[in-house]
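A.B. asks: Below you'll find the structure I mean.
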Amino acid sequence: MNSSPIAAIATPNAAGGIGIVRISGKGALELASRVFTPVGSKTPDKMNGYTAAFGKVHDSNGDIDEAVCLVFRAPKSYTGEDVAELSCHGGLFVMQKVLRAVLEAGAAPAPAGEFTKRAFLNGRISLDEAEAVMGIISAQGEQAAKAALGALEGSVSREIDEVCASLTASSAQLAAWVDYPYDEIEELAPEKLSATLISAREKLAGLIKRFDSGKAIMQGVNTVIAGKPNTGKSTLMNLLSGYERSIVTDIAGTTRDVVEQTVRVGDVVLKLSDTAGIHETDDTVESIGVKLAMKQLQQAELVLAVLDGSEPLSDEDRELLIQCKNSKTLVIINKDDLGCKIDEDEISDLCSTHISISAKTGAGRQKLEQAICSLLGTGDFDPSQATLTTERQRACVQKAVICIDEANDALISGMTLDAVTVSVEDAIGALLELCGKTASENVVNEVFARFCVGK
């Protein structure tokens, strides 16, 4: 691993009270001493870890700003390397000048996620804990922040390690019995092995089950508001947004493009898209909007299908509900204030979850929020439980479950124990990859490419 010093601005690219330039790597403290002069006698390379000094940052042309230099010595630092952090006044021009001085003194610009990547490579954190760092940074609510913090503190790693330990113990005994048939090694009883596999599968299945609700809490949900023209889609958008985001008129087809807005419903962030009314049209511009709406509908994680409750169900309504059959869909019977003429039994046959509201008056909003949380499974989300935070992690656990099922099937069907061993070892490999213990360089690079510079 390259441990030469790297540097980056670790605070947002905006003016603020304080800005921080972080330096990490072999020789980082000596490098900091070239650009920072303390008021006292101890330069950064002479300072103890977890200490700070006040002074000035300078380049070859003179002083740039007053600063505080914080020193962290390996291995007790974020990256596991020597680290110096220069805290200056947070002006954009000043921070760029400080960073330039550090780079001219010998540091290399840190790529996105490089500090956390070094923490992983130096054994400070596992790969799933590293992914939790971005979860904390991007958290938009208390539940999301708590779940991400739990993952950073090892809640997922502990659960995975526990499953790995039980599978590894069984695998070791199987391997020993297969490889040394003439030694007096006790054969692993099929009932005991099956119990181990079933227990491991249940724990992993629990992680997968919690993934969707955890993802909704931590990453938000891509949500599409769909329906035929003039059903009140834009009014619903404005109701959820809390202000007039979409134009509302009595003229059908007012919305011809996709209007986007991020809103919070309980602990869930919905990335809303208000689409054009889905219907047959000869209008060229309107037809483009309808095509965009259909594309959004196919990609949505949640669909809010809006129907006009003051009219009987139309063929266009039925077609919409059929289109939503394979999606997570909440049917919203709107215009409750005008009386209901729609056949709710027919809707129940097409979609199991529906509610009645008046987006215009706001009646039923609380019922709407409860229905959304119930559909997404976030109502009983427990952030203290281990929660998978990325699709990569879910894929690793899913692969392990498949391998465990193969091992159990082989055991039940009476296949040789070495066949069972292969499947168990594949399951262990998938779980080790989740934590980064056997992850390829490409996987590691892909994880950290999603990070921001400075972290």
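A note on labels: chains of the structure tokens are A, B, ... as shown, every chain counts residues from 1, and ligands are counted from 1 in their shown order.
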Just the residues within 10 Å of range 215-223 of chain A, please, counting only C-alpha atoms, with nothing from its chain fewer than 3 positions along; format it as a ChimeraX atom specification.
C.D. replies: /A:135-136,138-148,210-212,226,260-264,266-274,296-297,299-304,328-329,373,376-378,381,383,387-391
A.B. asks: Just want the 9 Å neighbourhood of Asp128 in chain A, counted on only C-alpha atoms, with same-chain residues fewer than 3 positions away dropped. Output as number ranges by chain.
C.D. replies: A: 125, 131-132, 151-152, 154, 156-157, 388-390, 393, 434-436
A.B. asks: Do you know which residues are at most 9 Å from range 95-98 of chain A counting only C-alpha atoms, after dropping those on the same chain fewer than 2 positions away, and could you put them as number ranges by chain?
C.D. replies: A: 9, 19-21, 35, 57-59, 64-65, 86, 88-93, 100-103
A.B. asks: Take the selection from the previous step and output its residues with N, CA and C atoms, as an mmCIF file, in the first residue's frame.
C.D. replies:
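Output (selection-v5.cif):
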data_model
loop_
_atom_site.group_PDB
_atom_site.id
_atom_site.type_symbol
_atom_site.label_atom_id
_atom_site.label_comp_id
_atom_site.auth_asym_id
_atom_site.auth_seq_id
_atom_site.Cartn_x
_atom_site.Cartn_y
_atom_site.Cartn_z
ATOM 1 N N ILE A 9 -8.856 19.170 1.430
ATOM 2 C CA ILE A 9 -9.739 19.961 2.297
ATOM 3 C C ILE A 9 -10.835 19.028 2.792
ATOM 4 N N GLY A 19 -12.207 25.989 8.362
ATOM 5 C CA GLY A 19 -11.929 25.045 7.283
ATOM 6 C C GLY A 19 -10.747 24.186 7.692
ATOM 7 N N ILE A 20 -10.763 22.909 7.288
ATOM 8 C CA ILE A 20 -9.709 21.977 7.714
ATOM 9 C C ILE A 20 -9.027 21.362 6.501
ATOM 10 N N VAL A 21 -7.702 21.405 6.516
ATOM 11 C CA VAL A 21 -6.894 20.668 5.548
ATOM 12 C C VAL A 21 -6.286 19.481 6.278
ATOM 13 N N VAL A 35 4.982 23.911 6.677
ATOM 14 C CA VAL A 35 4.019 24.963 6.332
ATOM 15 C C VAL A 35 3.370 25.591 7.565
ATOM 16 N N VAL A 57 -0.010 29.393 9.235
ATOM 17 C CA VAL A 57 0.298 28.616 8.035
ATOM 18 C C VAL A 57 0.912 29.559 7.018
ATOM 19 N N HIS A 58 1.931 29.073 6.327
ATOM 20 C CA HIS A 58 2.626 29.945 5.371
ATOM 21 C C HIS A 58 3.047 29.143 4.147
ATOM 22 N N ASP A 59 3.342 29.852 3.083
ATOM 23 C CA ASP A 59 3.960 29.244 1.904
ATOM 24 C C ASP A 59 5.257 29.988 1.619
ATOM 25 N N ILE A 64 -0.139 32.874 5.439
ATOM 26 C CA ILE A 64 -1.442 32.775 4.779
ATOM 27 C C ILE A 64 -2.571 33.058 5.769
ATOM 28 N N ASP A 65 -2.483 32.428 6.953
ATOM 29 C CA ASP A 65 -3.576 32.570 7.917
ATOM 30 C C ASP A 65 -3.123 32.047 9.281
ATOM 31 N N LEU A 86 -4.879 20.953 9.781
ATOM 32 C CA LEU A 86 -4.705 22.403 9.903
ATOM 33 C C LEU A 86 -6.072 23.066 9.855
ATOM 34 N N CYS A 88 -8.099 26.359 9.838
ATOM 35 C CA CYS A 88 -7.918 27.784 9.540
ATOM 36 C C CYS A 88 -9.287 28.461 9.465
ATOM 37 N N HIS A 89 -9.296 29.753 9.169
ATOM 38 C CA HIS A 89 -10.562 30.418 8.866
ATOM 39 C C HIS A 89 -11.095 29.831 7.558
ATOM 40 N N GLY A 90 -12.429 29.656 7.511
ATOM 41 C CA GLY A 90 -13.007 28.860 6.439
ATOM 42 C C GLY A 90 -13.345 29.574 5.154
ATOM 43 N N GLY A 91 -12.571 30.547 4.748
ATOM 44 C CA GLY A 91 -12.808 31.182 3.444
ATOM 45 C C GLY A 91 -12.308 30.290 2.314
ATOM 46 N N LEU A 92 -13.009 30.275 1.205
ATOM 47 C CA LEU A 92 -12.637 29.401 0.089
ATOM 48 C C LEU A 92 -11.239 29.721 -0.436
ATOM 49 N N PHE A 93 -10.926 31.009 -0.599
ATOM 50 C CA PHE A 93 -9.618 31.402 -1.131
ATOM 51 C C PHE A 93 -8.506 30.986 -0.173
ATOM 52 N N ARG A 100 -2.763 24.388 -1.307
ATOM 53 C CA ARG A 100 -1.695 24.506 -2.294
ATOM 54 C C ARG A 100 -0.324 24.512 -1.624
ATOM 55 N N ALA A 101 -0.223 25.184 -0.483
ATOM 56 C CA ALA A 101 1.054 25.212 0.254
ATOM 57 C C ALA A 101 1.450 23.809 0.705
ATOM 58 N N VAL A 102 0.463 23.026 1.159
ATOM 59 C CA VAL A 102 0.730 21.657 1.610
ATOM 60 C C VAL A 102 1.156 20.778 0.433
ATOM 61 N N LEU A 103 0.488 20.953 -0.702
ATOM 62 C CA LEU A 103 0.846 20.168 -1.884
ATOM 63 C C LEU A 103 2.244 20.541 -2.385
#
A.B. asks: Write out as a ChimeraX atom specification which residues come within 8 Å of Ile333 in chain A when counting only C-alpha atoms, dropping same-chain ones fewer than 3 positions away.
C.D. replies: /A:306-309,336,354-357
A.B. asks: Excluding same-chain residues fewer than 3 positions from Val71 in chain A, what lies within 8 Å of it counting only C-alpha atoms, as a PyMOL selection string?
C.D. replies: chain A and resi 29+44+47-52+82-85
A.B. asks: Keeping only C-alpha atoms, write those residues as a compact mmCIF listing (two decimals), in the first residue's frame.
C.D. replies:
# COMPACT_ATOMS: atom_id res chain seq x y z
CA LEU A 29 4.00 15.53 10.47
CA PRO A 44 4.12 19.23 14.51
CA MET A 47 4.30 17.13 19.16
CA ASN A 48 2.65 14.22 20.95
CA GLY A 49 -0.45 12.59 19.54
CA TYR A 50 -3.82 14.12 20.44
CA THR A 51 -2.30 17.55 21.03
CA ALA A 52 -2.82 20.91 19.35
CA ASP A 82 0.39 9.92 11.19
CA VAL A 83 -2.16 12.68 10.62
CA ALA A 84 -2.00 16.47 10.88
CA GLU A 85 -5.06 18.67 10.54
A.B. asks: Expressed in Å to a single decimal, how great is the separation between CA of Cys351 in chain A and CA of Ile332 in chain A?
C.D. replies: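 Distance reported for this atom pair: 10.8 Å.
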A.B. asks: Nearest to Leu330 in chain A among A:Leu193, A:Val68, A:Ala305, A:Leu204, with distances taken over only C-alpha atoms: which residue is it?
C.D. replies: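 Nearest to Leu330 in chain A: A:Ala305.
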A.B. asks: Hey, what's within 9 Å of Leu320 in chain A if we count only C-alpha atoms and toss same-chain stuff fewer than 4 positions away? As a list in words, please?
C.D. replies: Ala226, Gly227, Lys228, Ile278, Ala305, Asp315, Glu316, Cys324 and Lys325 of chain A
A.B. asks: Using the selection just defined, write its residues with all heavy atoms as a JSON list (two decimals), in the first residue's frame.
C.D. replies:
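part.json, written as the output of this step:
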[["chain", "number", "residue", "atom", "x", "y", "z"],
["A", 226, "ALA", "N", -48.18, 8.94, -10.03],
["A", 226, "ALA", "CA", -48.67, 8.64, -11.38],
["A", 226, "ALA", "C", -50.20, 8.60, -11.39],
["A", 226, "ALA", "O", -50.85, 8.38, -10.36],
["A", 226, "ALA", "CB", -48.10, 7.30, -11.85],
["A", 227, "GLY", "N", -50.75, 8.79, -12.56],
["A", 227, "GLY", "CA", -52.20, 8.75, -12.73],
["A", 227, "GLY", "C", -52.58, 9.44, -14.02],
["A", 227, "GLY", "O", -51.75, 10.07, -14.67],
["A", 228, "LYS", "N", -53.83, 9.34, -14.40],
["A", 228, "LYS", "CA", -54.29, 10.02, -15.61],
["A", 228, "LYS", "C", -54.41, 11.52, -15.33],
["A", 228, "LYS", "O", -54.31, 11.96, -14.17],
["A", 228, "LYS", "CB", -55.63, 9.43, -16.08],
["A", 228, "LYS", "CG", -56.79, 9.71, -15.15],
["A", 228, "LYS", "CD", -58.06, 9.04, -15.66],
["A", 228, "LYS", "CE", -59.25, 9.41, -14.76],
["A", 228, "LYS", "NZ", -60.49, 8.75, -15.19],
["A", 278, "ILE", "N", -50.89, 10.03, -17.42],
["A", 278, "ILE", "CA", -50.70, 8.90, -18.34],
["A", 278, "ILE", "C", -52.02, 8.63, -19.07],
["A", 278, "ILE", "O", -53.01, 8.21, -18.46],
["A", 278, "ILE", "CB", -50.23, 7.65, -17.56],
["A", 278, "ILE", "CG1", -48.88, 7.94, -16.88],
["A", 278, "ILE", "CG2", -50.13, 6.45, -18.47],
["A", 278, "ILE", "CD1", -48.38, 6.82, -15.99],
["A", 305, "ALA", "N", -50.11, 5.81, -6.90],
["A", 305, "ALA", "CA", -51.04, 5.82, -8.03],
["A", 305, "ALA", "C", -52.30, 6.58, -7.62],
["A", 305, "ALA", "O", -53.05, 6.15, -6.75],
["A", 305, "ALA", "CB", -51.39, 4.39, -8.43],
["A", 315, "ASP", "N", -60.87, 2.91, -17.91],
["A", 315, "ASP", "CA", -59.94, 1.95, -18.50],
["A", 315, "ASP", "C", -58.50, 2.40, -18.31],
["A", 315, "ASP", "O", -57.60, 1.57, -18.09],
["A", 315, "ASP", "CB", -60.23, 1.78, -19.99],
["A", 315, "ASP", "CG", -61.54, 1.03, -20.24],
["A", 315, "ASP", "OD1", -62.00, 0.32, -19.31],
["A", 315, "ASP", "OD2", -62.09, 1.16, -21.34],
["A", 316, "GLU", "N", -58.26, 3.72, -18.36],
["A", 316, "GLU", "CA", -56.91, 4.25, -18.14],
["A", 316, "GLU", "C", -56.45, 4.00, -16.71],
["A", 316, "GLU", "O", -55.29, 3.67, -16.47],
["A", 316, "GLU", "CB", -56.88, 5.75, -18.46],
["A", 316, "GLU", "CG", -57.00, 6.05, -19.95],
["A", 316, "GLU", "CD", -57.14, 7.54, -20.22],
["A", 316, "GLU", "OE1", -57.66, 8.25, -19.34],
["A", 316, "GLU", "OE2", -56.73, 7.98, -21.31],
["A", 324, "CYS", "N", -48.66, -1.15, -12.57],
["A", 324, "CYS", "CA", -48.03, -1.07, -11.24],
["A", 324, "CYS", "C", -48.04, -2.40, -10.50],
["A", 324, "CYS", "O", -47.60, -2.46, -9.34],
["A", 324, "CYS", "CB", -48.74, -0.03, -10.39],
["A", 324, "CYS", "SG", -48.66, 1.65, -11.03],
["A", 325, "LYS", "N", -48.51, -3.44, -11.14],
["A", 325, "LYS", "CA", -48.73, -4.71, -10.45],
["A", 325, "LYS", "C", -47.47, -5.26, -9.81],
["A", 325, "LYS", "O", -47.50, -5.84, -8.72],
["A", 325, "LYS", "CB", -49.31, -5.73, -11.44],
["A", 325, "LYS", "CG", -49.84, -6.99, -10.78],
["A", 325, "LYS", "CD", -50.57, -7.86, -11.79],
["A", 325, "LYS", "CE", -51.18, -9.08, -11.10],
["A", 325, "LYS", "NZ", -51.91, -9.96, -12.06]]
A.B. asks: Quote the spacing between CA of Lys46 in chain A and CA of Ile23 in chain A in Å to one decimal place.
C.D. replies: 15.9 Å
A.B. asks: Out of A:Gln385, A:Ser374, A:Thr438, A:Asn238, which residue has the shortest atom-to-atom distance to Thr361 in chain A when counting only C-alpha atoms?
C.D. replies: A:Asn238
A.B. asks: Between A:Gly113, A:Pro38, A:Gly379, A:Gly414, which one has atoms that come closest to Glu66 in chain A, using only C-alpha atoms?
C.D. replies: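 The answer is A:Pro38, which sits nearest to Glu66 in chain A.
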A.B. asks: What parts of range 84-271 of chain A does DSSP call alpha helix (DSSP H)? I'd like the answer as a PyMOL selection string.
C.D. replies: chain A and resi 92-104+114-121+127-138+142-152+155-179+190-219+233-241
A.B. asks: For the selection just defined, write its residues with C-alpha atoms to a file, as a JSON list (two decimals), in the first residue's frame.
C.D. replies:
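So again_27.json came out as:
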[["chain", "number", "residue", "atom", "x", "y", "z"],
["A", 92, "LEU", "CA", -12.64, 29.40, 0.09],
["A", 93, "PHE", "CA", -9.62, 31.40, -1.13],
["A", 94, "VAL", "CA", -7.72, 30.89, 2.14],
["A", 95, "MET", "CA", -8.41, 27.13, 2.19],
["A", 96, "GLN", "CA", -7.23, 26.72, -1.40],
["A", 97, "LYS", "CA", -4.03, 28.61, -0.58],
["A", 98, "VAL", "CA", -3.37, 26.44, 2.48],
["A", 99, "LEU", "CA", -3.97, 23.26, 0.48],
["A", 100, "ARG", "CA", -1.69, 24.51, -2.29],
["A", 101, "ALA", "CA", 1.05, 25.21, 0.25],
["A", 102, "VAL", "CA", 0.73, 21.66, 1.61],
["A", 103, "LEU", "CA", 0.85, 20.17, -1.88],
["A", 104, "GLU", "CA", 3.89, 22.26, -2.79],
["A", 114, "GLU", "CA", -8.66, 7.95, 0.19],
["A", 115, "PHE", "CA", -8.47, 8.71, 3.93],
["A", 116, "THR", "CA", -11.17, 6.14, 4.76],
["A", 117, "LYS", "CA", -9.64, 3.69, 2.27],
["A", 118, "ARG", "CA", -6.35, 3.90, 4.16],
["A", 119, "ALA", "CA", -8.23, 3.32, 7.41],
["A", 120, "PHE", "CA", -9.60, 0.11, 5.87],
["A", 121, "LEU", "CA", -6.27, -1.02, 4.39],
["A", 127, "LEU", "CA", -15.24, -2.54, 4.52],
["A", 128, "ASP", "CA", -18.84, -2.47, 5.75],
["A", 129, "GLU", "CA", -17.86, -0.02, 8.50],
["A", 130, "ALA", "CA", -16.19, 2.16, 5.87],
["A", 131, "GLU", "CA", -19.44, 2.20, 3.86],
["A", 132, "ALA", "CA", -21.24, 3.30, 7.04],
["A", 133, "VAL", "CA", -19.10, 6.46, 7.08],
["A", 134, "MET", "CA", -20.89, 7.74, 3.98],
["A", 135, "GLY", "CA", -24.17, 6.69, 5.58],
["A", 136, "ILE", "CA", -23.50, 9.04, 8.47],
["A", 137, "ILE", "CA", -22.47, 11.86, 6.14],
["A", 138, "SER", "CA", -25.60, 11.49, 3.99],
["A", 142, "GLU", "CA", -32.35, 10.63, 13.29],
["A", 143, "GLN", "CA", -33.15, 6.99, 12.48],
["A", 144, "ALA", "CA", -30.77, 7.01, 9.50],
["A", 145, "ALA", "CA", -27.98, 8.56, 11.56],
["A", 146, "LYS", "CA", -28.45, 6.02, 14.38],
["A", 147, "ALA", "CA", -28.46, 3.07, 11.97],
["A", 148, "ALA", "CA", -25.33, 4.32, 10.19],
["A", 149, "LEU", "CA", -23.57, 4.92, 13.51],
["A", 150, "GLY", "CA", -24.44, 1.39, 14.61],
["A", 151, "ALA", "CA", -22.96, 0.02, 11.38],
["A", 152, "LEU", "CA", -19.83, 2.14, 11.87],
["A", 155, "SER", "CA", -23.17, -4.01, 14.34],
["A", 156, "VAL", "CA", -23.12, -5.67, 10.91],
["A", 157, "SER", "CA", -19.56, -7.00, 11.29],
["A", 158, "ARG", "CA", -20.40, -8.62, 14.64],
["A", 159, "GLU", "CA", -23.43, -10.40, 13.20],
["A", 160, "ILE", "CA", -21.49, -11.56, 10.14],
["A", 161, "ASP", "CA", -18.52, -12.67, 12.26],
["A", 162, "GLU", "CA", -20.84, -14.73, 14.46],
["A", 163, "VAL", "CA", -22.32, -16.52, 11.44],
["A", 164, "CYS", "CA", -18.86, -16.99, 9.91],
["A", 165, "ALA", "CA", -17.53, -18.49, 13.14],
["A", 166, "SER", "CA", -20.26, -21.12, 13.32],
["A", 167, "LEU", "CA", -19.90, -22.03, 9.63],
["A", 168, "THR", "CA", -16.10, -22.10, 9.86],
["A", 169, "ALA", "CA", -16.16, -24.46, 12.86],
["A", 170, "SER", "CA", -18.42, -26.86, 10.94],
["A", 171, "SER", "CA", -16.35, -26.51, 7.77],
["A", 172, "ALA", "CA", -13.11, -27.24, 9.65],
["A", 173, "GLN", "CA", -14.54, -30.41, 11.19],
["A", 174, "LEU", "CA", -15.94, -31.53, 7.82],
["A", 175, "ALA", "CA", -12.61, -30.90, 6.09],
["A", 176, "ALA", "CA", -10.67, -32.76, 8.76],
["A", 177, "TRP", "CA", -13.02, -35.76, 8.59],
["A", 178, "VAL", "CA", -12.88, -35.85, 4.75],
["A", 179, "ASP", "CA", -9.10, -35.32, 4.47],
["A", 190, "PRO", "CA", -25.89, -34.46, 10.04],
["A", 191, "GLU", "CA", -28.49, -33.19, 12.52],
["A", 192, "LYS", "CA", -25.98, -30.89, 14.19],
["A", 193, "LEU", "CA", -24.67, -29.60, 10.86],
["A", 194, "SER", "CA", -28.20, -29.00, 9.58],
["A", 195, "ALA", "CA", -29.05, -27.06, 12.76],
["A", 196, "THR", "CA", -25.95, -24.89, 12.25],
["A", 197, "LEU", "CA", -26.90, -24.19, 8.63],
["A", 198, "ILE", "CA", -30.51, -23.38, 9.52],
["A", 199, "SER", "CA", -29.45, -21.03, 12.32],
["A", 200, "ALA", "CA", -26.98, -19.23, 10.03],
["A", 201, "ARG", "CA", -29.61, -18.91, 7.31],
["A", 202, "GLU", "CA", -32.17, -17.42, 9.71],
["A", 203, "LYS", "CA", -29.73, -14.74, 10.88],
["A", 204, "LEU", "CA", -28.76, -13.82, 7.32],
["A", 205, "ALA", "CA", -32.39, -13.86, 6.16],
["A", 206, "GLY", "CA", -33.14, -11.38, 8.96],
["A", 207, "LEU", "CA", -30.48, -9.03, 7.60],
["A", 208, "ILE", "CA", -31.96, -9.26, 4.10],
["A", 209, "LYS", "CA", -35.49, -8.70, 5.41],
["A", 210, "ARG", "CA", -34.40, -5.51, 7.18],
["A", 211, "PHE", "CA", -32.51, -4.25, 4.13],
["A", 212, "ASP", "CA", -35.43, -2.64, 2.26],
["A", 213, "SER", "CA", -36.71, -0.76, 5.29],
["A", 214, "GLY", "CA", -33.16, 0.21, 6.25],
["A", 215, "LYS", "CA", -32.45, 1.42, 2.73],
["A", 216, "ALA", "CA", -35.65, 3.49, 2.76],
["A", 217, "ILE", "CA", -34.59, 5.11, 6.05],
["A", 218, "MET", "CA", -30.94, 5.66, 5.14],
["A", 219, "GLN", "CA", -30.98, 6.39, 1.41],
["A", 233, "LYS", "CA", -51.23, 14.43, -8.70],
["A", 234, "SER", "CA", -49.74, 17.92, -8.51],
["A", 235, "THR", "CA", -51.99, 18.83, -5.59],
["A", 236, "LEU", "CA", -50.71, 15.72, -3.79],
["A", 237, "MET", "CA", -47.13, 16.77, -4.59],
["A", 238, "ASN", "CA", -47.79, 20.18, -3.05],
["A", 239, "LEU", "CA", -49.47, 18.60, -0.01],
["A", 240, "LEU", "CA", -46.44, 16.40, 0.69],
["A", 241, "SER", "CA", -43.98, 19.21, -0.06]]
A.B. asks: If you measure from CA of Cys69 in chain A to CA of Ala53 in chain A, what distance in Å do you get, rounded to one decimal?
C.D. replies: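 Those two atoms sit 5.3 Å apart.
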